[in-house]
$ cat coords_12.pdb   # PDB, C-alpha atoms
MODEL        1
ATOM      1  CA  MET A1241     -93.593 -76.318 127.787  1.00  0.00           C
ATOM      2  CA  ILE A1242     -90.999 -76.222 130.533  1.00  0.00           C
ATOM      3  CA  GLU A1243     -91.885 -75.886 134.208  1.00  0.00           C
ATOM      4  CA  MET A1244     -90.281 -72.876 135.882  1.00  0.00           C
ATOM      5  CA  ARG A1245     -89.933 -71.654 139.442  1.00  0.00           C
ATOM      6  CA  VAL A1246     -89.435 -68.178 140.843  1.00  0.00           C
ATOM      7  CA  VAL A1247     -85.869 -67.573 141.983  1.00  0.00           C
ATOM      8  CA  GLY A1248     -86.653 -64.083 143.190  1.00  0.00           C
ATOM      9  CA  ILE A1249     -86.773 -60.446 142.294  1.00  0.00           C
ATOM     10  CA  GLY A1250     -83.556 -58.716 141.307  1.00  0.00           C
ATOM     11  CA  VAL A1251     -82.492 -55.494 139.672  1.00  0.00           C
ATOM     12  CA  ASP A1252     -81.182 -54.862 136.180  1.00  0.00           C
ATOM     13  CA  ALA A1253     -77.924 -53.064 136.970  1.00  0.00           C
ATOM     14  CA  ASP A1254     -77.953 -50.997 133.781  1.00  0.00           C
ATOM     15  CA  ARG A1255     -81.571 -49.889 133.819  1.00  0.00           C
ATOM     16  CA  GLN A1256     -82.136 -49.939 137.577  1.00  0.00           C
ATOM     17  CA  ARG A1257     -85.407 -51.774 136.987  1.00  0.00           C
ATOM     18  CA  PRO A1258     -86.723 -54.803 138.857  1.00  0.00           C
ATOM     19  CA  LEU A1259     -86.381 -58.208 137.246  1.00  0.00           C
ATOM     20  CA  LEU A1260     -88.554 -61.246 137.802  1.00  0.00           C
ATOM     21  CA  MET A1261     -86.163 -64.183 137.713  1.00  0.00           C
ATOM     22  CA  LEU A1262     -87.463 -67.628 136.777  1.00  0.00           C
ATOM     23  CA  VAL A1263     -85.373 -70.767 136.461  1.00  0.00           C
ATOM     24  CA  GLU A1264     -86.183 -74.163 135.011  1.00  0.00           C
ATOM     25  CA  SER A1265     -87.390 -76.579 137.680  1.00  0.00           C
ATOM     26  CA  GLN A1266     -85.494 -79.437 136.050  1.00  0.00           C
ATOM     27  CA  GLY A1267     -82.972 -79.698 133.274  1.00  0.00           C
ATOM     28  CA  PRO A1268     -80.262 -77.262 132.296  1.00  0.00           C
ATOM     29  CA  SER A1269     -81.424 -74.546 134.755  1.00  0.00           C
ATOM     30  CA  ARG A1270     -81.777 -71.771 132.222  1.00  0.00           C
ATOM     31  CA  LEU A1271     -82.670 -68.413 133.757  1.00  0.00           C
ATOM     32  CA  LEU A1272     -85.444 -66.231 132.354  1.00  0.00           C
ATOM     33  CA  GLN A1273     -85.236 -62.582 133.423  1.00  0.00           C
ATOM     34  CA  ILE A1274     -88.310 -60.420 132.826  1.00  0.00           C
ATOM     35  CA  TRP A1275     -88.267 -56.671 133.396  1.00  0.00           C
ATOM     36  CA  ILE A1276     -91.146 -55.511 135.559  1.00  0.00           C
ATOM     37  CA  ALA A1277     -92.180 -52.292 137.285  1.00  0.00           C
ATOM     38  CA  GLU A1278     -91.724 -51.647 141.001  1.00  0.00           C
ATOM     39  CA  PRO A1279     -95.420 -52.116 141.913  1.00  0.00           C
ATOM     40  CA  GLU A1280     -95.361 -55.520 140.210  1.00  0.00           C
ATOM     41  CA  ALA A1281     -92.146 -56.398 142.061  1.00  0.00           C
ATOM     42  CA  PHE A1282     -93.883 -55.528 145.313  1.00  0.00           C
ATOM     43  CA  GLU A1283     -96.943 -57.676 144.468  1.00  0.00           C
ATOM     44  CA  LEU A1284     -94.767 -60.612 143.418  1.00  0.00           C
ATOM     45  CA  THR A1285     -92.741 -60.411 146.621  1.00  0.00           C
ATOM     46  CA  ALA A1286     -95.914 -60.268 148.733  1.00  0.00           C
ATOM     47  CA  ALA A1287     -97.343 -63.287 146.879  1.00  0.00           C
ATOM     48  CA  GLN A1288     -94.085 -65.206 147.174  1.00  0.00           C
ATOM     49  CA  ARG A1289     -94.135 -64.655 150.943  1.00  0.00           C
ATOM     50  CA  HIS A1290     -97.891 -65.382 151.189  1.00  0.00           C
ATOM     51  CA  VAL A1291     -98.441 -62.071 152.974  1.00  0.00           C
ATOM     52  CA  SER A1292    -102.007 -61.718 154.213  1.00  0.00           C
ATOM     53  CA  ARG A1293    -103.723 -58.383 153.860  1.00  0.00           C
ATOM     54  CA  SER A1294    -106.611 -56.793 155.677  1.00  0.00           C
ATOM     55  CA  ARG A1295    -108.354 -56.124 152.351  1.00  0.00           C
ATOM     56  CA  PRO A1296    -108.055 -58.033 149.069  1.00  0.00           C
ATOM     57  CA  GLY A1297    -105.875 -56.589 146.344  1.00  0.00           C
ATOM     58  CA  THR A1298    -106.385 -56.893 142.599  1.00  0.00           C
ATOM     59  CA  HIS A1299    -104.886 -60.374 142.355  1.00  0.00           C
ATOM     60  CA  GLU A1300    -107.033 -61.662 145.201  1.00  0.00           C
ATOM     61  CA  LEU A1301    -110.063 -60.102 143.482  1.00  0.00           C
ATOM     62  CA  ILE A1302    -109.242 -61.927 140.239  1.00  0.00           C
ATOM     63  CA  LEU A1303    -109.021 -65.220 142.120  1.00  0.00           C
ATOM     64  CA  ALA A1304    -112.310 -64.492 143.933  1.00  0.00           C
ATOM     65  CA  VAL A1305    -114.044 -63.763 140.598  1.00  0.00           C
ATOM     66  CA  LEU A1306    -112.707 -67.017 139.166  1.00  0.00           C
ATOM     67  CA  ALA A1307    -113.878 -68.964 142.218  1.00  0.00           C
ATOM     68  CA  GLY A1308    -117.268 -67.233 142.135  1.00  0.00           C
ATOM     69  CA  SER A1309    -117.574 -68.320 138.507  1.00  0.00           C
ATOM     70  CA  GLY A1310    -116.760 -71.905 139.398  1.00  0.00           C
ATOM     71  CA  ARG A1311    -113.295 -71.749 137.831  1.00  0.00           C
ATOM     72  CA  ARG A1312    -109.758 -72.020 139.135  1.00  0.00           C
ATOM     73  CA  LEU A1313    -106.338 -71.196 137.800  1.00  0.00           C
ATOM     74  CA  ALA A1314    -104.758 -74.435 136.576  1.00  0.00           C
ATOM     75  CA  ARG A1315    -101.408 -73.036 135.389  1.00  0.00           C
ATOM     76  CA  VAL A1316     -99.758 -70.004 133.818  1.00  0.00           C
ATOM     77  CA  ALA A1317     -97.482 -69.878 130.804  1.00  0.00           C
ATOM     78  CA  ILE A1318     -94.932 -67.436 129.443  1.00  0.00           C
ATOM     79  CA  THR A1319     -95.870 -67.871 125.796  1.00  0.00           C
ATOM     80  CA  ALA A1320     -93.862 -65.478 123.624  1.00  0.00           C
ATOM     81  CA  LEU A1321     -91.424 -62.610 123.364  1.00  0.00           C
ATOM     82  CA  HIS A1322     -92.327 -59.858 120.879  1.00  0.00           C
ATOM     83  CA  HIS A1323     -90.237 -56.696 120.567  1.00  0.00           C
ATOM     84  CA  HIS A1324     -88.811 -56.947 124.090  1.00  0.00           C
ATOM     85  CA  THR A1325     -92.229 -57.694 125.615  1.00  0.00           C
ATOM     86  CA  TYR A1326     -93.004 -61.047 127.170  1.00  0.00           C
ATOM     87  CA  LEU A1327     -96.522 -62.422 126.760  1.00  0.00           C
ATOM     88  CA  ALA A1328     -98.240 -64.780 129.156  1.00  0.00           C
ATOM     89  CA  GLU A1329    -101.509 -66.628 129.607  1.00  0.00           C
ATOM     90  CA  LEU A1330    -103.630 -67.674 132.533  1.00  0.00           C
ATOM     91  CA  ILE A1331    -104.874 -71.180 131.811  1.00  0.00           C
ATOM     92  CA  LEU A1332    -108.035 -72.064 133.691  1.00  0.00           C
ATOM     93  CA  ASP A1333    -109.217 -75.518 134.724  1.00  0.00           C
ATOM     94  CA  ASN A1334    -111.498 -75.712 131.648  1.00  0.00           C
ATOM     95  CA  ASP A1335    -108.487 -74.892 129.405  1.00  0.00           C
ATOM     96  CA  VAL A1336    -109.742 -71.358 128.748  1.00  0.00           C
ATOM     97  CA  ARG A1337    -106.730 -69.124 128.112  1.00  0.00           C
ATOM     98  CA  ILE A1338    -106.619 -65.481 129.153  1.00  0.00           C
ATOM     99  CA  SER A1339    -103.877 -63.114 128.012  1.00  0.00           C
ATOM    100  CA  ALA A1340    -101.960 -61.577 130.930  1.00  0.00           C
ATOM    101  CA  ARG A1341     -98.787 -59.755 131.798  1.00  0.00           C
ATOM    102  CA  PRO A1342     -96.144 -62.226 132.996  1.00  0.00           C
ATOM    103  CA  SER A1343     -95.866 -60.435 136.351  1.00  0.00           C
ATOM    104  CA  ASP A1344     -99.612 -60.778 136.984  1.00  0.00           C
ATOM    105  CA  ALA A1345     -99.648 -64.389 135.794  1.00  0.00           C
ATOM    106  CA  VAL A1346     -96.745 -65.350 138.064  1.00  0.00           C
ATOM    107  CA  THR A1347     -98.263 -63.462 141.012  1.00  0.00           C
ATOM    108  CA  LEU A1348    -101.513 -65.415 140.591  1.00  0.00           C
ATOM    109  CA  ALA A1349     -99.569 -68.665 140.252  1.00  0.00           C
ATOM    110  CA  LEU A1350     -97.724 -67.940 143.501  1.00  0.00           C
ATOM    111  CA  LEU A1351    -100.991 -67.182 145.297  1.00  0.00           C
ATOM    112  CA  THR A1352    -102.549 -70.464 144.147  1.00  0.00           C
ATOM    113  CA  ASP A1353     -99.484 -72.708 143.890  1.00  0.00           C
ATOM    114  CA  ALA A1354    -100.301 -73.177 140.191  1.00  0.00           C
ATOM    115  CA  PRO A1355     -97.479 -74.360 137.928  1.00  0.00           C
ATOM    116  CA  ILE A1356     -95.506 -71.730 136.026  1.00  0.00           C
ATOM    117  CA  LEU A1357     -94.552 -72.802 132.519  1.00  0.00           C
ATOM    118  CA  ALA A1358     -92.551 -71.276 129.677  1.00  0.00           C
ATOM    119  CA  HIS A1359     -92.576 -72.208 126.025  1.00  0.00           C
ATOM    120  CA  GLU A1360     -89.335 -73.778 124.879  1.00  0.00           C
ATOM    121  CA  THR A1361     -89.098 -71.172 122.103  1.00  0.00           C
ATOM    122  CA  VAL A1362     -89.088 -68.349 124.669  1.00  0.00           C
ATOM    123  CA  LEU A1363     -86.320 -70.048 126.630  1.00  0.00           C
ATOM    124  CA  ASP A1364     -84.335 -70.727 123.450  1.00  0.00           C
ATOM    125  CA  VAL A1365     -84.416 -67.021 122.556  1.00  0.00           C
ATOM    126  CA  ALA A1366     -84.284 -65.256 125.908  1.00  0.00           C
ATOM    127  CA  ALA A1367     -82.982 -67.516 128.665  1.00  0.00           C
ATOM    128  CA  THR A1368     -79.455 -67.388 129.993  1.00  0.00           C
ATOM    129  CA  LYS A1369     -77.404 -69.612 132.196  1.00  0.00           C
ATOM    130  CA  PRO A1370     -77.506 -68.630 135.889  1.00  0.00           C
ATOM    131  CA  GLY A1371     -74.899 -65.972 136.604  1.00  0.00           C
ATOM    132  CA  MET A1372     -75.222 -64.483 133.119  1.00  0.00           C
ATOM    133  CA  THR A1373     -77.046 -61.366 132.017  1.00  0.00           C
ATOM    134  CA  ILE A1374     -79.382 -60.779 129.109  1.00  0.00           C
ATOM    135  CA  THR A1375     -79.205 -57.843 126.766  1.00  0.00           C
ATOM    136  CA  PHE A1376     -81.246 -56.930 123.738  1.00  0.00           C
ATOM    137  CA  GLY A1377     -79.482 -56.310 120.486  1.00  0.00           C
ATOM    138  CA  ARG A1378     -80.429 -55.638 116.913  1.00  0.00           C
ATOM    139  CA  PRO A1379     -79.546 -58.348 114.389  1.00  0.00           C
ATOM    140  CA  SER A1380     -77.780 -57.149 111.280  1.00  0.00           C
ATOM    141  CA  GLY A1381     -79.971 -56.107 108.390  1.00  0.00           C
ATOM    142  CA  PRO A1382     -82.247 -53.097 108.013  1.00  0.00           C
ATOM    143  CA  ASP A1383     -85.524 -55.021 107.993  1.00  0.00           C
ATOM    144  CA  THR A1384     -84.963 -57.246 110.988  1.00  0.00           C
ATOM    145  CA  ALA A1385     -86.681 -56.656 114.312  1.00  0.00           C
ATOM    146  CA  PRO A1386     -84.792 -56.511 117.604  1.00  0.00           C
ATOM    147  CA  ALA A1387     -84.203 -59.894 119.178  1.00  0.00           C
ATOM    148  CA  ALA A1388     -83.057 -61.154 122.525  1.00  0.00           C
ATOM    149  CA  VAL A1389     -79.384 -61.999 122.557  1.00  0.00           C
ATOM    150  CA  ALA A1390     -77.821 -63.768 125.499  1.00  0.00           C
ATOM    151  CA  ASP A1391     -74.742 -61.944 126.696  1.00  0.00           C
ATOM    152  CA  SER A1392     -72.048 -64.414 127.662  1.00  0.00           C
ATOM    153  CA  THR A1393     -70.516 -62.059 130.185  1.00  0.00           C
ATOM    154  CA  PRO A1394     -70.793 -63.280 133.773  1.00  0.00           C
ATOM    155  CA  VAL A1395     -72.448 -60.953 136.251  1.00  0.00           C
ATOM    156  CA  GLU A1396     -69.738 -58.734 137.683  1.00  0.00           C
ATOM    157  CA  PRO A1397     -69.334 -58.372 141.474  1.00  0.00           C
ATOM    158  CA  ASP A1398     -70.568 -54.757 141.423  1.00  0.00           C
ATOM    159  CA  THR A1399     -73.716 -55.916 139.624  1.00  0.00           C
ATOM    160  CA  HIS A1400     -74.306 -58.429 142.387  1.00  0.00           C
ATOM    161  CA  ALA A1401     -73.941 -55.620 144.940  1.00  0.00           C
ATOM    162  CA  ARG A1402     -76.515 -53.542 143.065  1.00  0.00           C
ATOM    163  CA  ILE A1403     -78.938 -56.457 143.076  1.00  0.00           C
ATOM    164  CA  GLN A1404     -78.437 -56.827 146.816  1.00  0.00           C
ATOM    165  CA  LYS A1405     -79.627 -53.234 147.292  1.00  0.00           C
ATOM    166  CA  PHE A1406     -83.028 -54.335 146.036  1.00  0.00           C
ATOM    167  CA  ARG A1407     -83.292 -56.958 148.773  1.00  0.00           C
ATOM    168  CA  PHE A1408     -85.119 -54.369 150.900  1.00  0.00           C
ATOM    169  CA  LEU A1409     -88.268 -55.982 149.521  1.00  0.00           C
ATOM    170  CA  ASP A1410     -87.511 -58.993 151.693  1.00  0.00           C
ATOM    171  CA  ALA A1411     -88.482 -56.935 154.747  1.00  0.00           C
ATOM    172  CA  VAL A1412     -91.429 -55.045 153.211  1.00  0.00           C
ATOM    173  CA  ASP A1413     -94.971 -55.803 154.271  1.00  0.00           C
ATOM    174  CA  PRO A1414     -97.824 -54.670 151.974  1.00  0.00           C
ATOM    175  CA  ASP A1415     -99.555 -53.094 154.962  1.00  0.00           C
ATOM    176  CA  ASP A1416     -96.583 -50.707 155.248  1.00  0.00           C
ATOM    177  CA  PHE A1417     -97.970 -48.877 152.200  1.00  0.00           C
ATOM    178  CA  ASP A1418    -101.611 -48.689 153.282  1.00  0.00           C
ATOM    179  CA  PRO A1419    -102.063 -45.183 154.695  1.00  0.00           C
ATOM    180  CA  ASP A1420    -105.616 -45.920 155.837  1.00  0.00           C
ATOM    181  CA  PRO A1421    -106.069 -49.572 156.789  1.00  0.00           C
ATOM    182  CA  ASP A1422    -109.796 -48.993 157.485  1.00  0.00           C
ATOM    183  CA  ARG A1423    -110.636 -48.023 153.891  1.00  0.00           C
TER
ENDMDL
END
$ encode --input "coords_12.pdb" --output "structure tokens"
Amino acid sequence: MIEMRVVGIGVDADRQRPLLMLVESQGPSRLLQIWIAEPEAFELTAAQRHVSRSRPGTHELILAVLAGSGRRLARVAITALHHHTYLAELILDNDVRISARPSDAVTLALLTDAPILAHETVLDVAATKPGMTITFGRPSGPDTAPAAVADSTPVEPDTHARIQKFRFLDAVDPDDFDPDPDR
């Protein structure tokens, strides 16, 4: 498994959807881009900035349950890519593995400073070089499933501008969305 680090949250220019961007900590610096929903982008950004909240959210609850059970998150891993869906695992200190969405796994890793790993096979299929985009194509043949195909086209300047529009998350505080902070 390869250690990864969060580069940030961007936007897929074609789909206008947030992307979690992970890059190898050492080595060839391959970039893994994972489509996520806006609420997950918000949670990841809050975790990345170590934003404190007046009340615990779901991720903090998960960590509290683990701690209350005498367990801790040791690391997370992006384990597979099946039909355009990334799979991940939470790996606890007793090597128990729990299936999770990559966005939740990475959010928990950011909250606990746990290592983020990716299987080499996932990177071989889905990672790109920094500055490149990833698209999904269908291999030739009627019985073959869709597969990730790295697009060798560099990110165009207008794509970079679109990604910059999503940088509003840099200034967002989770408390901005809590209509009743006393709940």
$ resolve_selection --input "coords_12.pdb" --expression "the PyMOL selection byres ((chain A and resi 1285-1289) around 7)" --output "list of chain:residue names"
A:Ala1281, A:Phe1282, A:Glu1283, A:Leu1284, A:His1290, A:Val1291, A:Thr1347, A:Leu1350, A:Leu1351, A:Leu1409, A:Pro1414
$ atom_distance --input "coords_12.pdb" --atom1 "CA of Val1336 (chain A)" --atom2 "CA of His1359 (chain A)"
17.4 Å
$ closest_atom_pairs --input "coords_12.pdb" --of "region 1304-1383 of chain A" --to "region 1251-1275 of chain A" --cutoff "12 Å" --atoms "only C-alpha atoms" --output "tab-separated table"
residue	atom	partner	partner_atom	distance
A:Ala1317	CA	A:Leu1262	CA	11.9
A:Ile1318	CA	A:Leu1272	CA	10.0
A:Ala1320	CA	A:Ile1274	CA	11.9
A:Leu1321	CA	A:Ile1274	CA	10.2
A:His1324	CA	A:Trp1275	CA	9.3
A:Thr1325	CA	A:Ile1274	CA	8.6
A:Tyr1326	CA	A:Ile1274	CA	7.4
A:Leu1327	CA	A:Ile1274	CA	10.4
A:Ala1328	CA	A:Ile1274	CA	11.4
A:Arg1341	CA	A:Ile1274	CA	10.5
A:Pro1342	CA	A:Ile1274	CA	8.0
A:Ser1343	CA	A:Leu1260	CA	7.5
A:Asp1344	CA	A:Leu1260	CA	11.1
A:Ala1345	CA	A:Leu1260	CA	11.7
A:Val1346	CA	A:Leu1260	CA	9.2
A:Thr1347	CA	A:Leu1260	CA	10.5
A:Pro1355	CA	A:Ser1265	CA	10.3
A:Ile1356	CA	A:Leu1262	CA	9.1
A:Leu1357	CA	A:Glu1264	CA	8.8
A:Ala1358	CA	A:Glu1264	CA	8.8
A:His1359	CA	A:Glu1264	CA	11.2
A:Glu1360	CA	A:Glu1264	CA	10.6
A:Thr1361	CA	A:Leu1272	CA	12.0
A:Val1362	CA	A:Leu1272	CA	8.8
A:Leu1363	CA	A:Leu1272	CA	6.9
A:Asp1364	CA	A:Arg1270	CA	9.2
A:Val1365	CA	A:Leu1272	CA	9.9
A:Ala1366	CA	A:Leu1272	CA	6.6
A:Ala1367	CA	A:Leu1272	CA	4.6
A:Thr1368	CA	A:Leu1271	CA	5.1
A:Lys1369	CA	A:Arg1270	CA	4.9
A:Pro1370	CA	A:Leu1271	CA	5.6
A:Gly1371	CA	A:Leu1271	CA	8.6
A:Met1372	CA	A:Leu1271	CA	8.4
A:Thr1373	CA	A:Gln1273	CA	8.4
A:Ile1374	CA	A:Gln1273	CA	7.5
A:Thr1375	CA	A:Asp1254	CA	9.9
A:Phe1376	CA	A:Gln1273	CA	11.9
$ atom_distance --input "coords_12.pdb" --atom1 "CA of Glu1280 (chain A)" --atom2 "CA of Arg1311 (chain A)"
24.3 Å
$ closest_residue --input "coords_12.pdb" --among "A:Asp1353, A:Leu1301, A:Glu1329, A:Ser1292" --to "Val1246 (chain A)" --atoms "only C-alpha atoms"
A:Asp1353
$ atom_distance --input "coords_12.pdb" --atom1 "CA of Asp1335 (chain A)" --atom2 "CA of His1322 (chain A)"
23.7 Å
$ residues_around --input "coords_12.pdb" --residues "Leu1306 (chain A)" --least-positions-apart "4" --cutoff "12 Å" --atoms "all atoms listed in the file" --output "list of chain:residue names"
A:His1299, A:Glu1300, A:Leu1301, A:Ile1302, A:Gly1310, A:Arg1311, A:Arg1312, A:Leu1313, A:Ala1314, A:Leu1330, A:Ile1331, A:Leu1332, A:Asp1333, A:Asn1334, A:Val1336, A:Ile1338, A:Leu1348, A:Thr1352
$ axis_aligned_box --input "coords_12.pdb" --around "region 1306-1314 of chain A" --padding-each-side "8 Å" --output "JSON"
{"center_x": -111.2, "center_y": -70.7, "center_z": 139.4, "size_x": 28.8, "size_y": 23.4, "size_z": 21.6}
$ decode --input "coords_12.pdb" --residues "region 1301-1314 of chain A" --atoms "N, CA, C and O atoms" --output "PDB file, in the first residue's frame"
ATOM      1  N   LEU A1301     -18.662  11.548  16.453  1.00  0.00           N
ATOM      2  CA  LEU A1301     -19.403  10.494  17.144  1.00  0.00           C
ATOM      3  C   LEU A1301     -18.755   9.132  16.897  1.00  0.00           C
ATOM      4  O   LEU A1301     -18.567   8.343  17.828  1.00  0.00           O
ATOM      5  N   ILE A1302     -18.397   8.859  15.655  1.00  0.00           N
ATOM      6  CA  ILE A1302     -17.733   7.590  15.327  1.00  0.00           C
ATOM      7  C   ILE A1302     -16.458   7.444  16.137  1.00  0.00           C
ATOM      8  O   ILE A1302     -16.186   6.392  16.715  1.00  0.00           O
ATOM      9  N   LEU A1303     -15.665   8.508  16.196  1.00  0.00           N
ATOM     10  CA  LEU A1303     -14.411   8.447  16.957  1.00  0.00           C
ATOM     11  C   LEU A1303     -14.678   8.275  18.450  1.00  0.00           C
ATOM     12  O   LEU A1303     -13.944   7.551  19.134  1.00  0.00           O
ATOM     13  N   ALA A1304     -15.731   8.910  18.965  1.00  0.00           N
ATOM     14  CA  ALA A1304     -16.085   8.753  20.383  1.00  0.00           C
ATOM     15  C   ALA A1304     -16.529   7.316  20.680  1.00  0.00           C
ATOM     16  O   ALA A1304     -16.172   6.759  21.726  1.00  0.00           O
ATOM     17  N   VAL A1305     -17.282   6.710  19.772  1.00  0.00           N
ATOM     18  CA  VAL A1305     -17.712   5.314  19.951  1.00  0.00           C
ATOM     19  C   VAL A1305     -16.493   4.389  19.942  1.00  0.00           C
ATOM     20  O   VAL A1305     -16.382   3.484  20.776  1.00  0.00           O
ATOM     21  N   LEU A1306     -15.577   4.633  19.016  1.00  0.00           N
ATOM     22  CA  LEU A1306     -14.353   3.822  18.992  1.00  0.00           C
ATOM     23  C   LEU A1306     -13.592   3.961  20.307  1.00  0.00           C
ATOM     24  O   LEU A1306     -13.182   2.957  20.904  1.00  0.00           O
ATOM     25  N   ALA A1307     -13.399   5.191  20.753  1.00  0.00           N
ATOM     26  CA  ALA A1307     -12.663   5.426  22.000  1.00  0.00           C
ATOM     27  C   ALA A1307     -13.387   4.789  23.180  1.00  0.00           C
ATOM     28  O   ALA A1307     -12.750   4.171  24.051  1.00  0.00           O
ATOM     29  N   GLY A1308     -14.715   4.914  23.214  1.00  0.00           N
ATOM     30  CA  GLY A1308     -15.491   4.318  24.295  1.00  0.00           C
ATOM     31  C   GLY A1308     -15.411   2.802  24.297  1.00  0.00           C
ATOM     32  O   GLY A1308     -15.607   2.156  25.328  1.00  0.00           O
ATOM     33  N   SER A1309     -15.102   2.236  23.140  1.00  0.00           N
ATOM     34  CA  SER A1309     -14.948   0.781  23.019  1.00  0.00           C
ATOM     35  C   SER A1309     -13.504   0.348  23.213  1.00  0.00           C
ATOM     36  O   SER A1309     -13.174  -0.823  23.027  1.00  0.00           O
ATOM     37  N   GLY A1310     -12.661   1.302  23.537  1.00  0.00           N
ATOM     38  CA  GLY A1310     -11.240   0.971  23.742  1.00  0.00           C
ATOM     39  C   GLY A1310     -10.463   0.799  22.456  1.00  0.00           C
ATOM     40  O   GLY A1310      -9.390   0.200  22.445  1.00  0.00           O
ATOM     41  N   ARG A1311     -10.955   1.318  21.358  1.00  0.00           N
ATOM     42  CA  ARG A1311     -10.300   1.184  20.060  1.00  0.00           C
ATOM     43  C   ARG A1311      -9.908   2.554  19.541  1.00  0.00           C
ATOM     44  O   ARG A1311     -10.441   3.578  19.966  1.00  0.00           O
ATOM     45  N   ARG A1312      -9.011   2.554  18.564  1.00  0.00           N
ATOM     46  CA  ARG A1312      -8.655   3.786  17.869  1.00  0.00           C
ATOM     47  C   ARG A1312      -8.433   3.471  16.400  1.00  0.00           C
ATOM     48  O   ARG A1312      -8.152   2.331  16.028  1.00  0.00           O
ATOM     49  N   LEU A1313      -8.566   4.494  15.597  1.00  0.00           N
ATOM     50  CA  LEU A1313      -8.328   4.353  14.163  1.00  0.00           C
ATOM     51  C   LEU A1313      -6.821   4.346  13.933  1.00  0.00           C
ATOM     52  O   LEU A1313      -6.129   5.302  14.278  1.00  0.00           O
ATOM     53  N   ALA A1314      -6.312   3.258  13.358  1.00  0.00           N
ATOM     54  CA  ALA A1314      -4.876   3.151  13.105  1.00  0.00           C
ATOM     55  C   ALA A1314      -4.506   3.731  11.741  1.00  0.00           C
ATOM     56  O   ALA A1314      -3.493   4.414  11.599  1.00  0.00           O
TER      57      ALA A1314
END
